[in-house]
$ cat input_31.txt   # compact mmCIF, C-alpha atoms
# COMPACT_ATOMS: atom_id res chain seq x y z
CA MET A 14 -164.48 -214.27 60.88
CA ILE A 15 -167.13 -211.61 60.29
CA TRP A 16 -164.65 -208.80 61.03
CA ASN A 17 -162.09 -210.48 58.86
CA LEU A 18 -164.51 -210.46 55.91
CA PHE A 19 -165.41 -206.84 56.57
CA PHE A 20 -161.82 -205.58 56.66
CA ILE A 21 -160.70 -207.55 53.64
CA PHE A 22 -163.50 -206.12 51.54
CA ILE A 23 -162.74 -202.61 52.86
CA LYS A 24 -159.16 -203.10 51.65
CA ILE A 25 -160.34 -204.36 48.26
CA GLY A 26 -162.94 -201.58 47.99
CA LEU A 27 -160.31 -198.90 48.63
CA LEU A 28 -158.08 -200.12 45.82
CA SER A 29 -160.75 -201.21 43.37
CA PHE A 30 -159.79 -198.92 40.52
CA GLY A 31 -161.33 -200.04 37.28
CA GLY A 32 -164.35 -201.63 38.90
CA GLY A 33 -165.75 -205.16 38.78
CA TYR A 34 -163.75 -207.43 36.54
CA ALA A 35 -160.48 -205.68 37.41
CA ILE A 36 -161.10 -206.44 41.10
CA LEU A 37 -161.82 -210.14 40.57
CA PRO A 38 -158.14 -211.17 40.77
CA MET A 39 -157.83 -209.37 44.10
CA ILE A 40 -160.99 -210.94 45.49
CA GLN A 41 -159.81 -214.36 44.28
CA HIS A 42 -156.39 -213.90 45.90
CA GLU A 43 -157.91 -212.98 49.27
CA ALA A 44 -160.61 -215.67 49.15
CA MET A 45 -158.10 -218.39 48.37
CA ALA A 46 -155.42 -217.10 50.76
CA GLY A 47 -158.03 -217.06 53.53
CA GLY A 48 -159.02 -220.63 52.64
CA TRP A 49 -162.62 -219.51 52.15
CA LEU A 50 -163.16 -220.90 48.69
CA SER A 51 -161.49 -223.29 46.29
CA GLU A 52 -160.68 -222.07 42.79
CA LYS A 53 -163.70 -223.98 41.46
CA GLU A 54 -166.05 -222.44 44.01
CA PHE A 55 -164.70 -219.00 43.15
CA GLN A 56 -165.48 -219.58 39.48
CA GLU A 57 -169.05 -220.49 40.45
CA VAL A 58 -169.30 -217.27 42.43
CA VAL A 59 -168.13 -215.24 39.43
CA SER A 60 -170.60 -216.98 37.11
CA ILE A 61 -173.51 -216.25 39.45
CA ALA A 62 -172.31 -212.64 39.99
CA GLY A 63 -172.04 -212.18 36.23
CA MET A 64 -175.54 -213.45 35.52
CA SER A 65 -177.11 -211.32 38.27
CA PRO A 66 -178.14 -207.71 37.65
CA GLY A 67 -176.08 -204.96 39.27
CA PRO A 68 -172.38 -204.43 39.87
CA VAL A 69 -170.19 -207.54 39.47
CA ALA A 70 -167.81 -206.57 42.29
CA THR A 71 -170.53 -205.94 44.87
CA ASN A 72 -172.34 -209.10 43.74
CA SER A 73 -169.16 -211.16 44.19
CA ALA A 74 -168.60 -209.70 47.65
CA THR A 75 -172.20 -210.56 48.62
CA LEU A 76 -171.86 -214.13 47.33
CA ILE A 77 -168.52 -214.82 49.00
CA GLY A 78 -169.78 -213.40 52.28
CA TYR A 79 -172.90 -215.56 51.96
CA ARG A 80 -170.88 -218.73 51.37
CA VAL A 81 -168.43 -218.06 54.17
CA ALA A 82 -170.79 -216.87 56.89
CA GLY A 83 -174.41 -216.88 55.69
CA ILE A 84 -176.58 -213.76 55.51
CA GLU A 85 -174.50 -211.97 58.13
CA GLY A 86 -171.40 -212.58 56.05
CA ALA A 87 -173.17 -211.34 52.93
CA ILE A 88 -174.17 -208.12 54.70
CA VAL A 89 -170.73 -207.29 56.13
CA SER A 90 -168.94 -208.12 52.87
CA THR A 91 -171.26 -205.91 50.84
CA LEU A 92 -170.93 -203.10 53.40
CA GLY A 93 -167.16 -203.48 53.32
CA MET A 94 -167.14 -203.24 49.54
CA VAL A 95 -169.41 -200.17 49.40
CA LEU A 96 -168.17 -198.17 52.39
CA PRO A 97 -164.86 -197.01 50.82
CA SER A 98 -166.81 -195.75 47.78
CA LEU A 99 -169.08 -193.71 50.02
CA ILE A 100 -166.19 -192.14 51.94
CA ILE A 101 -164.00 -191.48 48.90
CA ILE A 102 -166.86 -189.91 46.95
CA ILE A 103 -167.74 -187.62 49.85
CA VAL A 104 -164.08 -186.56 50.18
CA ILE A 105 -163.82 -185.92 46.43
CA SER A 106 -167.08 -183.95 46.49
CA ILE A 107 -165.82 -181.74 49.30
CA PHE A 108 -162.23 -181.13 48.27
CA PHE A 109 -161.58 -181.73 44.63
CA TYR A 110 -164.74 -181.28 42.74
CA ARG A 111 -162.83 -180.19 39.67
CA VAL A 112 -160.14 -182.87 39.74
CA ARG A 113 -160.98 -184.20 36.31
CA ASP A 114 -158.77 -181.74 34.46
CA SER A 115 -155.82 -181.69 36.84
CA GLN A 116 -152.49 -182.85 35.38
CA TRP A 117 -151.85 -184.82 38.55
CA ILE A 118 -154.90 -187.02 38.00
CA LYS A 119 -154.04 -187.46 34.33
CA THR A 120 -150.53 -188.66 35.22
CA LEU A 121 -152.02 -191.03 37.79
CA PHE A 122 -154.36 -192.57 35.25
CA TYR A 123 -151.68 -192.79 32.60
CA GLY A 124 -150.14 -195.66 34.57
CA LEU A 125 -153.30 -196.98 36.15
CA ARG A 126 -155.33 -197.59 32.97
CA PRO A 127 -152.96 -200.12 31.35
CA VAL A 128 -152.56 -201.88 34.71
CA ILE A 129 -156.35 -202.19 34.95
CA THR A 130 -156.40 -203.54 31.38
CA GLY A 131 -153.79 -206.11 32.40
CA LEU A 132 -155.78 -207.09 35.49
CA ILE A 133 -158.96 -207.62 33.48
CA ALA A 134 -157.04 -209.68 30.89
CA TYR A 135 -155.57 -211.74 33.73
CA ALA A 136 -159.08 -212.33 35.15
CA ALA A 137 -160.20 -213.62 31.73
CA ILE A 138 -157.15 -215.91 31.35
CA ARG A 139 -157.53 -217.31 34.86
CA PHE A 140 -161.23 -217.88 34.30
CA GLY A 141 -160.59 -219.51 30.94
CA LEU A 142 -157.79 -221.79 32.15
CA ASN A 143 -160.01 -223.01 34.93
CA SER A 144 -162.66 -224.21 32.50
CA MET A 145 -160.16 -226.69 31.06
CA GLU A 146 -160.24 -229.74 33.25
CA HIS A 147 -157.73 -231.68 31.22
CA ALA A 148 -154.42 -230.71 29.67
CA PHE A 149 -155.42 -232.12 26.27
CA VAL A 150 -158.20 -231.00 23.96
CA THR A 151 -161.54 -232.64 24.70
CA TRP A 152 -165.10 -232.16 23.53
CA GLN A 153 -165.55 -230.02 26.66
CA THR A 154 -162.81 -227.65 25.58
CA ILE A 155 -164.15 -227.38 22.04
CA GLY A 156 -167.70 -226.75 23.29
CA MET A 157 -166.42 -224.06 25.63
CA LEU A 158 -164.42 -222.38 22.87
CA ILE A 159 -167.49 -222.36 20.60
CA ILE A 160 -169.55 -220.70 23.34
CA VAL A 161 -166.85 -218.12 24.14
CA PHE A 162 -166.43 -217.13 20.48
CA ALA A 163 -170.16 -217.08 19.80
CA ALA A 164 -170.68 -214.87 22.86
CA LEU A 165 -167.84 -212.55 21.81
CA TYR A 166 -169.28 -212.29 18.32
CA GLY A 167 -172.75 -211.50 19.63
CA LEU A 168 -171.43 -208.87 22.05
CA MET A 169 -169.05 -207.11 19.67
CA LYS A 170 -170.71 -207.44 16.30
CA TYR A 171 -174.41 -207.36 17.13
CA LYS A 172 -174.17 -205.48 20.46
CA LEU A 173 -176.52 -208.03 22.01
CA HIS A 174 -177.69 -207.43 25.57
CA PRO A 175 -175.49 -209.20 28.17
CA LEU A 176 -178.57 -210.96 29.55
CA THR A 177 -179.38 -212.36 26.09
CA ILE A 178 -175.81 -213.66 25.83
CA ILE A 179 -175.98 -215.27 29.28
CA VAL A 180 -179.32 -217.00 28.63
CA ALA A 181 -178.23 -218.19 25.16
CA SER A 182 -174.95 -219.55 26.55
CA GLY A 183 -176.80 -221.39 29.31
CA ILE A 184 -179.00 -223.05 26.66
CA LEU A 185 -175.96 -223.92 24.52
CA GLY A 186 -174.35 -225.35 27.66
CA VAL A 187 -177.30 -227.69 28.21
CA ALA A 188 -177.14 -228.71 24.53
CA PHE A 189 -173.36 -229.32 24.52
CA PHE A 190 -172.38 -230.79 27.86
CA MET B 7 -194.45 -187.53 45.16
CA ARG B 8 -193.54 -184.46 43.15
CA THR B 9 -196.73 -182.66 44.10
CA THR B 10 -196.07 -183.24 47.77
CA MET B 11 -192.60 -181.78 47.23
CA LYS B 12 -194.15 -178.54 46.08
CA THR B 13 -196.61 -178.17 48.93
CA ASN B 14 -195.53 -175.15 50.93
CA ALA B 15 -197.33 -176.35 54.00
CA MET B 16 -194.75 -179.08 54.46
CA THR B 17 -191.96 -178.40 56.91
CA ASN B 18 -188.29 -178.58 55.96
CA THR B 19 -187.81 -181.89 57.73
CA ASP B 20 -190.66 -183.45 55.80
CA LEU B 21 -189.16 -182.21 52.56
CA ARG B 22 -185.76 -183.63 53.44
CA ILE B 23 -187.19 -187.02 54.32
CA SER B 24 -189.25 -187.03 51.15
CA LEU B 25 -186.16 -186.21 49.05
CA LEU B 26 -184.16 -188.96 50.77
CA PHE B 27 -186.92 -191.45 50.06
CA GLN B 28 -187.16 -190.36 46.43
CA LEU B 29 -183.39 -190.74 46.02
CA PHE B 30 -183.56 -194.21 47.53
CA TRP B 31 -186.50 -195.17 45.31
CA VAL B 32 -184.96 -193.94 42.03
CA PHE B 33 -181.89 -196.10 42.61
CA VAL B 34 -183.93 -199.09 43.81
CA ARG B 35 -185.53 -199.13 40.36
CA ILE B 36 -182.24 -198.85 38.45
CA GLY B 37 -180.30 -201.76 40.00
CA PRO B 38 -182.40 -204.84 39.14
CA VAL B 39 -182.84 -203.97 35.44
CA THR B 40 -179.18 -203.38 34.57
CA PHE B 41 -177.20 -206.40 33.45
CA GLY B 42 -173.54 -206.40 32.49
CA GLY B 43 -172.34 -204.20 35.33
CA GLY B 44 -172.09 -200.57 36.33
CA TYR B 45 -171.61 -198.95 32.94
CA ALA B 46 -174.92 -200.40 31.86
CA MET B 47 -176.47 -198.24 34.59
CA ILE B 48 -175.12 -194.93 33.27
CA PRO B 49 -177.76 -194.21 30.59
CA MET B 50 -180.55 -195.08 33.04
CA ILE B 51 -179.10 -192.88 35.77
CA GLU B 52 -178.80 -189.98 33.31
CA ARG B 53 -182.38 -190.42 32.15
CA GLU B 54 -183.86 -190.66 35.65
CA ILE B 55 -181.83 -187.94 37.35
CA SER B 56 -181.29 -185.26 34.73
CA ALA B 57 -183.78 -185.84 31.89
CA LYS B 58 -186.85 -186.90 33.86
CA ARG B 59 -186.49 -185.29 37.27
CA LYS B 60 -184.19 -182.36 36.35
CA TRP B 61 -182.37 -182.78 39.65
CA LEU B 62 -179.03 -182.03 38.01
CA GLY B 63 -177.98 -180.26 34.81
CA GLU B 64 -176.47 -182.21 31.96
CA GLU B 65 -173.01 -180.73 32.39
CA GLU B 66 -172.96 -181.44 36.12
CA MET B 67 -174.11 -184.97 35.35
CA ASP B 68 -171.24 -185.51 32.88
CA GLU B 69 -168.74 -184.28 35.45
CA ILE B 70 -170.16 -186.59 38.12
CA LEU B 71 -170.18 -189.64 35.85
CA SER B 72 -166.59 -189.23 34.72
CA LEU B 73 -165.43 -188.79 38.33
CA ALA B 74 -167.49 -191.84 39.32
CA GLY B 75 -165.61 -193.90 36.73
CA ALA B 76 -162.21 -192.69 37.91
CA ALA B 77 -162.65 -193.18 41.67
CA PRO B 78 -162.11 -196.61 43.20
CA GLY B 79 -165.26 -198.71 43.48
CA GLY B 80 -168.02 -199.57 41.06
CA VAL B 81 -169.14 -196.77 38.75
CA GLY B 82 -172.83 -197.37 39.52
CA VAL B 83 -172.31 -197.20 43.29
CA ASN B 84 -170.01 -194.18 42.93
CA ALA B 85 -172.46 -192.30 40.70
CA ALA B 86 -175.26 -192.98 43.19
CA ALA B 87 -173.09 -191.67 46.05
CA PHE B 88 -172.13 -188.52 44.10
CA ILE B 89 -175.69 -187.70 43.10
CA GLY B 90 -177.06 -188.43 46.59
CA TYR B 91 -174.39 -186.24 48.19
CA ARG B 92 -174.96 -183.31 45.83
CA LEU B 93 -178.71 -183.38 46.42
CA ALA B 94 -178.94 -184.15 50.12
CA GLY B 95 -175.51 -184.39 51.76
CA VAL B 96 -174.16 -187.46 53.52
CA LYS B 97 -177.64 -188.83 54.24
CA GLY B 98 -178.49 -188.48 50.56
CA ALA B 99 -175.36 -190.42 49.59
CA ILE B 100 -176.29 -193.20 52.03
CA ALA B 101 -179.90 -193.31 50.77
CA ALA B 102 -178.75 -193.55 47.14
CA ILE B 103 -176.16 -196.28 47.85
CA ALA B 104 -178.72 -198.25 49.87
CA GLY B 105 -181.12 -197.95 46.93
CA ILE B 106 -178.67 -199.24 44.35
CA THR B 107 -177.30 -202.03 46.59
CA ILE B 108 -180.26 -203.56 48.42
CA PRO B 109 -182.34 -204.99 45.50
CA THR B 110 -179.36 -206.66 43.81
CA PHE B 111 -178.18 -207.88 47.21
CA ILE B 112 -181.49 -209.69 47.69
CA ILE B 113 -181.49 -211.07 44.13
CA VAL B 114 -177.93 -212.39 44.50
CA CYS B 115 -178.70 -214.08 47.84
CA LEU B 116 -181.84 -215.70 46.39
CA LEU B 117 -180.00 -216.89 43.26
CA SER B 118 -177.23 -218.32 45.43
CA ALA B 119 -179.74 -220.17 47.63
CA VAL B 120 -181.58 -221.57 44.57
CA TYR B 121 -178.30 -222.56 42.95
CA SER B 122 -177.08 -224.45 46.01
CA GLN B 123 -180.34 -226.48 45.92
CA LEU B 124 -179.87 -227.35 42.25
CA ALA B 125 -176.08 -227.54 42.06
CA GLU B 126 -176.10 -231.33 41.61
CA GLU B 127 -178.59 -231.39 38.70
CA PRO B 128 -176.77 -232.40 35.48
CA LYS B 129 -178.73 -229.84 33.43
CA VAL B 130 -177.83 -227.05 35.85
CA ILE B 131 -174.17 -228.05 35.78
CA ALA B 132 -174.24 -227.99 31.97
CA ALA B 133 -175.99 -224.60 31.87
CA MET B 134 -173.48 -223.17 34.34
CA LYS B 135 -170.65 -224.35 32.07
CA GLY B 136 -172.25 -222.47 29.19
CA ILE B 137 -172.65 -219.36 31.35
CA HIS B 138 -169.01 -219.72 32.37
CA GLY B 139 -168.18 -219.31 28.67
CA ALA B 140 -170.41 -216.22 28.43
CA VAL B 141 -168.68 -214.66 31.43
CA ILE B 142 -165.25 -215.27 29.83
CA ALA B 143 -166.54 -213.37 26.78
CA LEU B 144 -167.92 -210.53 28.95
CA ILE B 145 -164.56 -210.16 30.71
CA LEU B 146 -162.69 -210.19 27.37
CA VAL B 147 -164.96 -207.46 26.01
CA ALA B 148 -164.36 -205.44 29.19
CA ALA B 149 -160.58 -205.83 28.73
CA TYR B 150 -160.82 -204.79 25.07
CA ARG B 151 -162.86 -201.69 25.85
CA MET B 152 -160.50 -200.67 28.63
CA ALA B 153 -157.52 -201.27 26.34
CA LYS B 154 -158.95 -198.93 23.70
CA ASN B 155 -158.60 -196.02 26.11
CA ALA B 156 -155.57 -197.20 28.02
CA ILE B 157 -153.08 -198.23 25.34
CA PHE B 158 -151.67 -195.52 23.07
CA ASP B 159 -147.86 -195.68 23.40
CA LYS B 160 -145.11 -198.22 24.06
CA THR B 161 -145.10 -197.86 27.84
CA THR B 162 -148.84 -198.42 28.20
CA ALA B 163 -148.77 -201.36 25.74
CA VAL B 164 -145.85 -203.06 27.52
CA THR B 165 -147.45 -202.49 30.94
CA ALA B 166 -150.76 -204.02 29.85
CA LEU B 167 -148.96 -207.05 28.37
CA VAL B 168 -146.52 -207.64 31.23
CA ILE B 169 -149.07 -207.43 34.08
CA PRO B 170 -151.02 -210.64 33.28
CA ILE B 171 -147.77 -212.55 32.65
CA VAL B 172 -146.28 -211.43 35.97
CA LEU B 173 -149.49 -212.35 37.79
CA LEU B 174 -149.72 -215.78 36.11
CA VAL B 175 -146.08 -216.66 36.77
CA SER B 176 -145.55 -215.23 40.24
CA GLY B 177 -148.96 -215.49 41.91
CA ILE B 178 -148.32 -212.25 43.86
CA ASN B 179 -151.19 -210.34 45.41
CA PRO B 180 -152.76 -208.21 42.61
CA ILE B 181 -152.94 -205.30 45.08
CA TYR B 182 -149.20 -204.72 44.49
CA VAL B 183 -149.89 -204.41 40.81
CA ILE B 184 -152.40 -201.62 41.47
CA ALA B 185 -149.79 -199.92 43.66
CA VAL B 186 -147.30 -200.07 40.78
CA GLY B 187 -149.95 -198.64 38.44
CA LEU B 188 -150.45 -195.69 40.79
CA ILE B 189 -146.77 -194.66 40.56
CA ILE B 190 -145.84 -195.53 36.96
CA GLY B 191 -146.99 -192.16 35.60
CA PHE B 192 -145.10 -190.18 38.24
CA VAL B 193 -141.85 -192.04 37.58
CA TYR B 194 -142.14 -192.14 33.83
CA MET B 195 -143.35 -188.63 33.03
CA PRO B 196 -140.39 -186.74 34.60
CA ILE B 197 -137.92 -189.07 32.85
CA LYS B 198 -139.59 -188.45 29.53
CA GLN B 199 -139.58 -184.72 30.13
CA LEU B 200 -135.88 -184.81 31.06
CA LEU B 201 -135.12 -186.56 27.78
CA GLY B 202 -137.08 -183.86 26.00
CA LEU B 203 -139.60 -186.27 24.52
CA GLN B 204 -143.18 -185.41 23.74
CA VAL B 205 -145.43 -186.20 26.68
CA ARG B 206 -148.95 -187.51 26.35
CA THR B 207 -150.98 -188.66 29.32
CA GLU B 208 -154.16 -189.54 27.49
CA LYS B 209 -155.26 -190.92 24.23
CA ASP B 210 -156.07 -188.00 21.90
CA SER B 211 -159.65 -189.08 21.35
CA LEU B 212 -160.26 -188.85 25.11
CA ASN B 213 -160.31 -185.08 24.80
CA ASN B 214 -162.93 -185.10 22.10
CA SER B 215 -166.45 -184.07 22.90
CA ASP B 216 -167.52 -187.65 22.18
CA GLU B 217 -168.75 -188.70 25.60
CA GLU B 218 -168.68 -192.40 24.79
CA SER B 219 -164.90 -192.43 24.82
CA ASN B 220 -164.82 -190.63 28.15
CA TYR B 221 -166.39 -193.61 29.83
CA PRO B 222 -164.16 -196.60 29.36
CA GLU B 223 -166.85 -199.23 29.32
CA TYR B 224 -165.25 -201.85 31.46
CA TYR B 225 -167.96 -203.72 33.28
CA ILE B 226 -168.37 -203.31 36.97

$ encode --input "input_31.txt" --output "structure tokens"
Amino acid sequence: MIWNLFFIFIKIGLLSFGGGYAILPMIQHEAMAGGWLSEKEFQEVVSIAGMSPGPVATNSATLIGYRVAGIEGAIVSTLGMVLPSLIIIIVISIFFYRVRDSQWIKTLFYGLRPVITGLIAYAAIRFGLNSMEHAFVTWQTIGMLIIVFAALYGLMKYKLHPLTIIVASGILGVAFF
Amino acid sequence: MRTTMKTNAMTNTDLRISLLFQLFWVFVRIGPVTFGGGYAMIPMIEREISAKRKWLGEEEMDEILSLAGAAPGGVGVNAAAFIGYRLAGVKGAIAAIAGITIPTFIIVCLLSAVYSQLAEEPKVIAAMKGIHGAVIALILVAAYRMAKNAIFDKTTAVTALVIPIVLLVSGINPIYVIAVGLIIGFVYMPIKQLLGLQVRTEKDSLNNSDEESNYPEYYI
């Protein structure tokens, strides 16, 4: 089980272009395919990862490892997530320090960037759909929509700090639900 | 610490160990105060490494940060690895990554343990629902910021729209989608060139000196 966790997060770490939120769909796929977490438990993991300081992807790996196999699981999952970064960065530093301006890299990112955009959008849709427990509109759904739009407004218009948004939404949650 | 660095009486090994520890310590202090993911760490990393300690020049720092955003993995972890490697080789990279990972690792484990104790409390459940909403908003903002740099012609727009639909309908492993993203440019560019169309691989504003637009601020 421990090795399984380690190798799956190595695989995710190697392909985690676009960072945190873009990787969430991949982590979710593996966690659910492996029968480690239910969709609801995964959403809890993402909420806790999002409200913690530091990188969302590494935080999610830590949390999933912790749930599946305790502290040991948390350690191997985090190592698995970070190790590919370490190796790739060292290789880039040695061989292609000046890759930024190469046409090859630009062509690569031409296709990769919109795919990452799509993956992040998918993560948001999946996360949003999951918050609706019923097919019809309920007070829960309306409350959730109010919080999402208020948070969006605060982030985009007033550039509020993510922590402020998280704390305020938690308080609104207690008031609404 | 800096005065001990300058003492000539110290041997090389002592200096190396001291540098490794300083690298570790700088990144230990950055992790716990940055919320909203890796890109929130960038200004702090710049301040600590190039403005305060003068370990790297500004231009070198810019280069490192844009590479850190492009490579797979979180931008914060990547930047730490780059800086550590430039200053002190493989050991430096390991020290920097350990520094940026360990404090948040501990915080996340503690939060998880506290949450599992309180998970049944109605007030905690309600607060978590509210936070769920905040996280949806954070992800949407990340998608919007990524889109601003990613979408500038029909192919990129269609790709970004089709991907979530395909994933929702088919439930395939998102890893395949990344694989497709890696080859789209190499298939599409030659075709476009054959047809004699104008080829653009980046949004025009990406080439501006405006550094903000060079870091697509998706959250890590």

$ residues_around --input "input_31.txt" --residues "Thr130 in chain A" --least-positions-apart "2" --cutoff "6 Å" --atoms "all atoms listed in the file" --output "mmCIF file with C-alpha atoms, keeping the file's coordinate frame"
data_model
loop_
_atom_site.group_PDB
_atom_site.id
_atom_site.type_symbol
_atom_site.label_atom_id
_atom_site.label_comp_id
_atom_site.auth_asym_id
_atom_site.auth_seq_id
_atom_site.Cartn_x
_atom_site.Cartn_y
_atom_site.Cartn_z
ATOM 1 C CA PRO A 127 -152.960 -200.120 31.350
ATOM 2 C CA VAL A 128 -152.560 -201.880 34.710
ATOM 3 C CA LEU A 132 -155.780 -207.090 35.490
ATOM 4 C CA ILE A 133 -158.960 -207.620 33.480
ATOM 5 C CA ALA B 149 -160.580 -205.830 28.730
ATOM 6 C CA MET B 152 -160.500 -200.670 28.630
ATOM 7 C CA ALA B 153 -157.520 -201.270 26.340
ATOM 8 C CA ALA B 166 -150.760 -204.020 29.850
#

$ residues_around --input "input_31.txt" --residues "Trp61 in chain B" --least-positions-apart "2" --cutoff "12 Å" --atoms "all atoms listed in the file" --output "ChimeraX atom specification"
/B:8,25,28-29,32,51-59,63-64,66-67,89-90,92-94

$ write_last_selection --input "input_31.txt" --atoms "C-alpha atoms" --output "short mmCIF file (atom, residue, chain, number, x, y, z; two decimals), in the frame of the given file"
data_model
loop_
_atom_site.label_atom_id
_atom_site.label_comp_id
_atom_site.auth_asym_id
_atom_site.auth_seq_id
_atom_site.Cartn_x
_atom_site.Cartn_y
_atom_site.Cartn_z
CA ARG B 8 -193.54 -184.46 43.15
CA LEU B 25 -186.16 -186.21 49.05
CA GLN B 28 -187.16 -190.36 46.43
CA LEU B 29 -183.39 -190.74 46.02
CA VAL B 32 -184.96 -193.94 42.03
CA ILE B 51 -179.10 -192.88 35.77
CA GLU B 52 -178.80 -189.98 33.31
CA ARG B 53 -182.38 -190.42 32.15
CA GLU B 54 -183.86 -190.66 35.65
CA ILE B 55 -181.83 -187.94 37.35
CA SER B 56 -181.29 -185.26 34.73
CA ALA B 57 -183.78 -185.84 31.89
CA LYS B 58 -186.85 -186.90 33.86
CA ARG B 59 -186.49 -185.29 37.27
CA GLY B 63 -177.98 -180.26 34.81
CA GLU B 64 -176.47 -182.21 31.96
CA GLU B 66 -172.96 -181.44 36.12
CA MET B 67 -174.11 -184.97 35.35
CA ILE B 89 -175.69 -187.70 43.10
CA GLY B 90 -177.06 -188.43 46.59
CA ARG B 92 -174.96 -183.31 45.83
CA LEU B 93 -178.71 -183.38 46.42
CA ALA B 94 -178.94 -184.15 50.12
#

$ atom_distance --input "input_31.txt" --atom1 "CA of Gly186 in chain A" --atom2 "CA of Lys135 in chain B"
5.8 Å

$ closest_residue --input "input_31.txt" --among "A:Lys119, A:Arg80, A:Arg139, A:Lys24" --to "Val58 in chain A" --atoms "all atoms listed in the file"
A:Arg80

$ atom_distance --input "input_31.txt" --atom1 "CA of His174 in chain A" --atom2 "CA of Gly32 in chain A"
19.7 Å
